[in-house]
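Participant: Next comes structure-v8.txt, compact mmCIF, C-alpha atoms:
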```
# COMPACT_ATOMS: atom_id res chain seq x y z
CA MET U 5 0.00 0.00 0.00
CA LEU U 6 2.94 2.34 0.44
CA VAL U 7 3.89 2.51 -3.24
CA PRO U 8 0.33 3.01 -4.60
CA GLY U 9 -0.28 5.70 -1.99
CA LEU U 10 2.91 7.57 -2.83
CA LEU U 11 2.17 7.33 -6.55
CA ALA U 12 -1.38 8.62 -6.02
CA VAL U 13 -0.21 11.57 -3.87
CA VAL U 14 2.59 12.52 -6.28
CA GLY U 15 0.24 12.17 -9.26
CA ALA U 16 -2.40 14.33 -7.61
CA LEU U 17 0.13 17.05 -6.78
CA VAL U 18 1.62 17.01 -10.29
CA THR U 19 -1.71 17.06 -12.12
CA GLY U 20 -3.05 19.74 -9.76
CA GLY U 21 -0.01 21.95 -10.38
CA ILE U 22 -0.18 21.48 -14.15
CA SER U 23 -3.92 22.21 -14.16
CA PHE U 24 -3.38 25.39 -12.15
CA VAL U 25 -0.68 26.67 -14.50
CA VAL U 26 -2.75 25.89 -17.60
CA LEU U 27 -5.95 27.45 -16.24
CA MET U 28 -4.06 30.61 -15.27
CA GLY U 29 -2.93 30.99 -18.88
CA LEU U 30 0.77 30.68 -18.06
CA THR U 31 1.43 28.05 -20.74
CA PRO U 32 0.99 27.96 -24.53
CA ILE U 33 -1.94 25.62 -23.99
CA ALA U 34 -5.21 27.59 -24.15
CA PRO U 35 -7.67 26.74 -21.34
CA THR U 36 -10.50 25.72 -23.66
CA ASP U 37 -13.58 23.79 -22.61
CA THR U 38 -11.97 20.53 -23.71
CA ILE U 39 -8.79 21.20 -21.70
CA VAL U 40 -10.82 22.13 -18.62
CA THR U 41 -12.89 18.95 -18.94
CA ILE U 42 -9.79 16.78 -19.27
CA ALA U 43 -8.13 18.46 -16.28
CA THR U 44 -11.28 17.97 -14.20
CA VAL U 45 -11.50 14.28 -15.09
CA VAL U 46 -7.81 13.58 -14.42
CA ASN U 47 -7.75 15.44 -11.10
CA GLY U 48 -11.03 13.84 -10.08
CA ALA U 49 -9.60 10.40 -10.87
CA PHE U 50 -6.59 10.96 -8.61
CA VAL U 51 -8.82 12.27 -5.82
CA LEU U 52 -11.03 9.22 -6.18
CA ILE U 53 -7.99 6.92 -6.00
CA LEU U 54 -6.79 8.65 -2.83
CA CYS U 55 -10.24 8.33 -1.27
CA LEU U 56 -10.34 4.63 -2.12
CA LEU U 57 -6.88 4.04 -0.63
CA ILE U 58 -7.78 5.94 2.53
CA GLY U 59 -11.07 4.08 2.81
CA ARG U 60 -9.29 0.76 2.38
CA GLU U 61 -6.84 1.61 5.18
CA VAL U 62 -9.69 2.68 7.45
CA MET U 63 -11.49 -0.58 6.81
CA ARG U 64 -8.33 -2.53 7.60
CA MET U 65 -7.94 -0.64 10.89
CA VAL U 66 -11.55 -1.24 11.84
CA ARG U 67 -11.29 -4.93 10.96
CA ALA U 68 -8.08 -5.30 12.97
CA ARG U 69 -9.65 -3.66 16.01
CA ARG U 70 -12.70 -5.89 15.83
CA GLN U 71 -10.45 -8.96 15.65
CA GLY U 72 -8.53 -7.69 18.67
CA LYS U 73 -5.14 -7.68 17.00
CA ALA U 74 -2.16 -6.32 18.91
CA ALA U 75 -1.62 -2.56 18.84
CA SER U 76 -4.82 -2.03 16.82
CA ARG U 77 -6.21 0.48 19.33
CA LEU U 78 -2.88 2.30 19.47
CA HIS U 79 -2.84 2.43 15.68
CA VAL U 80 -6.32 3.99 15.62
CA ARG U 81 -5.35 6.56 18.25
CA ILE U 82 -2.19 7.52 16.39
CA VAL U 83 -4.12 7.98 13.13
CA LEU U 84 -6.77 10.10 14.86
CA LEU U 85 -4.11 12.18 16.61
CA PHE U 86 -2.20 12.89 13.40
CA SER U 87 -5.47 13.64 11.58
CA ILE U 88 -6.37 16.24 14.21
CA VAL U 89 -2.88 17.74 14.14
CA ALA U 90 -3.04 18.00 10.33
CA ALA U 91 -6.58 19.39 10.14
CA LEU U 92 -6.58 21.79 13.10
CA PRO U 93 -4.15 24.38 11.63
CA ALA U 94 -6.12 24.48 8.39
CA LEU U 95 -9.36 25.03 10.31
CA LEU U 96 -7.80 27.80 12.42
CA VAL U 97 -6.40 29.50 9.31
CA ALA U 98 -9.79 29.29 7.61
CA ILE U 99 -11.59 30.78 10.62
CA VAL U 100 -9.07 33.61 11.09
CA ALA U 101 -9.05 34.36 7.34
CA GLY U 102 -12.85 34.46 7.25
CA ILE U 103 -13.04 36.86 10.19
CA THR U 104 -10.26 39.03 8.75
CA LEU U 105 -11.93 39.27 5.36
CA ASP U 106 -15.31 39.99 6.89
CA LEU U 107 -14.10 42.71 9.26
CA GLY U 108 -11.24 44.10 7.19
CA LEU U 109 -11.10 43.65 3.45
CA ASP U 110 -14.86 43.40 2.86
CA ARG U 111 -15.48 46.61 4.78
CA TRP U 112 -12.60 48.34 2.99
CA PHE U 113 -13.99 47.37 -0.41
CA GLU U 114 -17.48 48.34 0.74
CA ILE U 115 -16.28 51.84 1.64
CA ARG U 116 -14.49 52.20 -1.70
CA THR U 117 -17.54 50.96 -3.60
CA ARG U 118 -19.84 53.32 -1.70
CA THR U 119 -17.50 56.23 -2.42
CA ILE U 120 -17.39 55.39 -6.13
CA VAL U 121 -21.18 55.09 -6.33
CA GLU U 122 -21.74 58.35 -4.44
CA SER U 123 -19.24 60.13 -6.69
CA SER U 124 -20.98 58.75 -9.79
CA ILE U 125 -24.36 59.92 -8.48
CA SER U 126 -22.96 63.40 -7.80
CA VAL U 127 -21.49 63.61 -11.29
CA ALA U 128 -24.76 62.41 -12.83
CA ARG U 129 -26.80 64.97 -10.86
CA ALA U 130 -24.42 67.76 -11.85
CA TYR U 131 -24.67 66.68 -15.49
CA VAL U 132 -28.48 66.64 -15.37
CA ASN U 133 -28.58 70.04 -13.68
CA GLU U 134 -26.23 71.51 -16.27
CA ASN U 135 -28.35 70.10 -19.08
CA ALA U 136 -31.44 71.47 -17.40
CA ARG U 137 -29.98 74.98 -17.28
CA ASN U 138 -28.78 74.79 -20.87
CA LEU U 139 -32.07 73.40 -22.15
CA GLN U 140 -34.13 75.96 -20.26
CA GLY U 141 -32.02 78.79 -21.67
CA SER U 142 -32.22 77.37 -25.19
CA THR U 143 -35.99 76.86 -24.92
CA LEU U 144 -36.56 80.36 -23.60
CA SER U 145 -34.53 82.02 -26.37
CA MET U 146 -36.14 79.80 -29.02
CA ALA U 147 -39.61 80.70 -27.77
CA TYR U 148 -38.69 84.40 -28.01
CA ASP U 149 -37.44 83.96 -31.60
CA LEU U 150 -40.58 82.06 -32.62
CA ASP U 151 -42.82 84.69 -31.04
CA GLN U 152 -41.11 87.31 -33.21
CA GLN U 153 -42.26 85.38 -36.29
CA ARG U 154 -45.95 85.19 -35.42
CA ARG U 155 -46.92 86.61 -38.83
CA LEU U 156 -44.93 83.91 -40.59
CA PHE U 157 -46.74 81.37 -38.42
CA GLY U 158 -50.12 82.57 -39.68
CA LEU U 159 -49.20 83.12 -43.32
CA ASP U 160 -46.65 80.39 -44.16
CA PRO U 161 -46.71 77.28 -41.93
CA THR U 162 -44.06 75.58 -44.06
CA GLY U 163 -41.71 78.52 -43.78
CA PHE U 164 -42.34 78.64 -40.03
CA GLN U 165 -41.50 74.92 -39.79
CA ASN U 166 -38.22 75.54 -41.64
CA LEU U 167 -37.45 78.36 -39.22
CA MET U 168 -38.27 76.10 -36.29
CA THR U 169 -35.99 73.38 -37.71
CA ASP U 170 -33.09 75.81 -38.03
CA GLN U 171 -33.69 77.06 -34.49
CA ALA U 172 -33.69 73.51 -33.07
CA ARG U 173 -30.59 72.42 -34.96
CA GLY U 174 -28.72 75.57 -34.05
CA ARG U 175 -29.35 74.79 -30.38
CA SER U 176 -28.38 71.09 -30.70
CA LEU U 177 -31.85 69.88 -29.75
CA LEU U 178 -32.99 66.34 -30.39
CA GLY U 179 -36.44 67.60 -31.31
CA ALA U 180 -38.89 70.46 -30.99
CA GLN U 181 -42.68 70.55 -31.31
CA LEU U 182 -45.51 73.02 -31.09
CA LEU U 183 -48.34 71.68 -28.96
CA ARG U 184 -51.99 72.51 -28.50
CA PRO U 185 -53.28 73.02 -24.94
CA ASP U 186 -54.27 69.34 -24.75
CA GLY U 187 -50.68 68.28 -25.57
CA THR U 188 -51.32 67.28 -29.19
CA PRO U 189 -48.40 68.20 -31.50
CA PHE U 190 -49.34 69.97 -34.74
CA LEU U 191 -45.97 71.25 -35.95
CA GLU U 192 -42.57 69.62 -35.54
CA ALA U 193 -38.99 70.48 -36.42
CA ASP U 194 -37.71 68.42 -39.33
CA ILE U 195 -35.01 66.54 -37.43
CA PRO U 196 -34.66 62.78 -38.06
CA VAL U 197 -34.96 60.68 -34.90
CA GLU U 198 -34.80 56.93 -34.29
CA ARG U 199 -38.11 56.88 -32.42
CA PRO U 200 -40.93 59.36 -31.78
CA LEU U 201 -40.40 61.94 -29.07
CA PRO U 202 -41.92 61.02 -25.69
CA VAL U 203 -45.26 62.59 -24.83
CA PRO U 204 -44.86 65.42 -22.30
CA PRO U 205 -46.48 64.84 -18.89
CA ALA U 206 -49.88 66.38 -18.30
CA ASP U 207 -48.76 68.14 -15.11
CA ALA U 208 -45.95 69.84 -17.07
CA LEU U 209 -48.54 71.29 -19.47
CA LYS U 210 -50.60 72.55 -16.54
CA GLN U 211 -47.60 74.32 -15.07
CA ALA U 212 -46.65 75.76 -18.44
CA ALA U 213 -50.21 77.10 -18.85
CA GLU U 214 -49.52 79.37 -15.87
CA GLY U 215 -46.65 80.98 -17.74
CA ASN U 216 -43.84 78.93 -16.24
CA LEU U 217 -40.88 77.40 -18.04
CA VAL U 218 -41.15 73.73 -17.02
CA PHE U 219 -38.19 71.32 -17.04
CA ILE U 220 -38.93 67.62 -17.58
CA PRO U 221 -36.26 65.41 -15.93
CA PRO U 222 -35.24 62.07 -17.43
CA GLY U 223 -37.50 59.15 -16.60
CA VAL U 224 -36.93 55.70 -18.08
CA THR U 225 -34.96 57.26 -20.95
CA ASN U 226 -31.88 59.50 -21.13
CA LEU U 227 -33.90 62.43 -22.52
CA VAL U 228 -34.66 65.74 -20.85
CA GLY U 229 -37.32 68.17 -22.00
CA ALA U 230 -38.78 71.62 -21.45
CA ILE U 231 -42.17 73.25 -22.12
CA ILE U 232 -43.04 76.91 -22.33
CA LYS U 233 -46.16 78.74 -23.49
CA LEU U 234 -45.59 81.15 -26.35
CA ARG U 235 -46.64 84.71 -25.55
CA GLN U 236 -47.37 86.12 -29.00
CA ILE U 237 -48.98 83.02 -30.54
CA ALA U 238 -52.17 82.15 -28.71
CA ASN U 239 -52.70 78.74 -27.10
CA VAL U 240 -49.46 77.28 -28.42
CA TYR U 241 -46.72 75.59 -26.37
CA LEU U 242 -43.12 74.96 -27.37
CA TYR U 243 -41.85 71.53 -26.37
CA THR U 244 -38.11 70.83 -26.69
CA VAL U 245 -36.13 67.65 -26.09
CA ARG U 246 -32.41 67.00 -25.68
```
Kindly return the structure encoded in the file as structure tokens.
Facilitator:
Amino acid sequence: MLVPGLLAVVGALVTGGISFVVLMGLTPIAPTDTIVTIATVVNGAFVLILCLLIGREVMRMVRARRQGKAASRLHVRIVLLFSIVAALPALLVAIVAGITLDLGLDRWFEIRTRTIVESSISVARAYVNENARNLQGSTLSMAYDLDQQRRLFGLDPTGFQNLMTDQARGRSLLGAQLLRPDGTPFLEADIPVERPLPVPPADALKQAAEGNLVFIPPGVTNLVGAIIKLRQIANVYLYTVR
């Protein structure tokens, strides 16, 4: 039993080391699915052989003790003692490492992760606020320019649409629409978009009806919008999206 046991231990160590090196990508052999499967089977075979050899020795010890052979009890005690001596340090290391990771490294990474997330949220809020200010200023100036062309709006709707398109493109808007009081669009800037512009919320229209410039924050999309009621063109609202 000595030679098979030594061969099994040496084989397990060698195959385990080779598998580790290959799986880490430190050899010319690529760790493909086939290579991983072969390594798993070979290492599993050696582990199974070791388990069978250990089980056989345990059965021999149990049989010898039942038959009352000399030194059988001492043999069992020695094996148990060496097993405890071999396993106890590993258990202590595992317990100490688990506590250290839980109280030290995990908390350190948690603090770093929280800091990164909070910083990202701050940057995102600053970006949204900056876009809100820019969009509100662009919408306000565009509404003023459109109000100045109220005669063109009544006489030449196509020309007014071209003007509105130039105004939206010059302000880098994704889209611009003129809305009726019920929120229905009837004139839109000729800017190609991948999908229709989102419908403005009803409460934003109500606030705009009171003469306020209303900012629409992003919801499920990455779009922001603004609504303002035109002063010189009756019952018309300008709706812009960026």
Participant: Rounded to one decimal in Å, what is the spacing between CA of Pro221 (chain U) and CA of Ser145 (chain U)?
Facilitator: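 These two atoms are separated by 19.7 Å.
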Participant: Can you list, as a PDB file with C-alpha atoms, keeping the file's coordinate frame, every protein, DNA or RNA residue that comes within 12 Å of Val14 (chain U) when you count all atoms listed in the file, leaving out same-chain residues fewer than 3 positions away?
Facilitator:
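This went into selection.pdb:
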```pdb
ATOM      1  CA  VAL U   7       3.890   2.510  -3.240  1.00  0.00           C
ATOM      2  CA  PRO U   8       0.330   3.010  -4.600  1.00  0.00           C
ATOM      3  CA  GLY U   9      -0.280   5.700  -1.990  1.00  0.00           C
ATOM      4  CA  LEU U  10       2.910   7.570  -2.830  1.00  0.00           C
ATOM      5  CA  LEU U  11       2.170   7.330  -6.550  1.00  0.00           C
ATOM      6  CA  LEU U  17       0.130  17.050  -6.780  1.00  0.00           C
ATOM      7  CA  VAL U  18       1.620  17.010 -10.290  1.00  0.00           C
ATOM      8  CA  THR U  19      -1.710  17.060 -12.120  1.00  0.00           C
ATOM      9  CA  GLY U  20      -3.050  19.740  -9.760  1.00  0.00           C
ATOM     10  CA  GLY U  21      -0.010  21.950 -10.380  1.00  0.00           C
ATOM     11  CA  ASN U  47      -7.750  15.440 -11.100  1.00  0.00           C
ATOM     12  CA  PHE U  50      -6.590  10.960  -8.610  1.00  0.00           C
ATOM     13  CA  VAL U  51      -8.820  12.270  -5.820  1.00  0.00           C
ATOM     14  CA  ILE U  53      -7.990   6.920  -6.000  1.00  0.00           C
ATOM     15  CA  LEU U  54      -6.790   8.650  -2.830  1.00  0.00           C
TER      16      LEU U  54
END
```
Participant: Given all atoms listed in the file, how would the per-residue table for region 81-158 of chain U near region 171-194 of chain U read, listing every residue at most 10 Å away with its closest atom pair and distance in Å to one decimal, sorted by chain and number, as a Markdown table?
Facilitator:
```
| residue | atom | partner | partner_atom | distance |
| --- | --- | --- | --- | --- |
| U:Asn138 | CA | U:Arg175 | CA | 9.5 |
| U:Leu139 | CA | U:Leu177 | CA | 8.4 |
| U:Gly141 | CA | U:Arg175 | CA | 9.9 |
| U:Ser142 | CA | U:Arg175 | CA | 6.5 |
| U:Thr143 | CA | U:Arg175 | CA | 8.8 |
| U:Ser145 | CA | U:Gln171 | CA | 9.6 |
| U:Met146 | CA | U:Gln171 | CA | 6.6 |
| U:Ala147 | CA | U:Gln171 | CA | 9.7 |
| U:Asp149 | CA | U:Gln171 | CA | 8.4 |
| U:Leu150 | CA | U:Gln171 | CA | 8.7 |
```
Participant: To one decimal place in Å, what is the distance between CA of Ile58 (chain U) and CA of Arg81 (chain U)?
Facilitator: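 Taking CA of Ile58 (chain U) as the start and CA of Arg81 (chain U) as the end point, the length is 15.9 Å.
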Participant: Could you tell me, as a list of chain:residue names, which residues have any atom at most 12 Å from (-28.2, 65.0, -17.6), counting only C-alpha atoms?
Facilitator: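 Applying the cut-off with only C-alpha atoms, one gets U:Ile125, U:Ser126, U:Val127, U:Ala128, U:Arg129, U:Ala130, U:Tyr131, U:Val132, U:Asn133, U:Glu134, U:Asn135, U:Ala136, U:Arg137, U:Asn138, U:Leu139, U:Phe219, U:Ile220, U:Pro221, U:Pro222, U:Gly223, U:Thr225, U:Asn226, U:Leu227, U:Val228, U:Gly229, U:Val245, U:Arg246.
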Participant: Take CA of Gly158 (chain U) and CA of Val240 (chain U) and report the distance between them in Å, one decimal.
Facilitator: 12.5 Å
Participant: Using only C-alpha atoms, which of U:Arg64, U:Lys210, U:Arg70, U:Arg154 sits nearest Ile232 (chain U)?
Facilitator: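 Ranked by minimum distance to Ile232 (chain U), first place goes to U:Lys210.
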Participant: Show me, as a PyMOL selection string, the residues that have an atom within 10 Å of Ala212 (chain U) when counting only C-alpha atoms, minus same-chain residues fewer than 5 positions from it.
Facilitator: chain U and resi 185+206-207+217-219+230-234+241-242
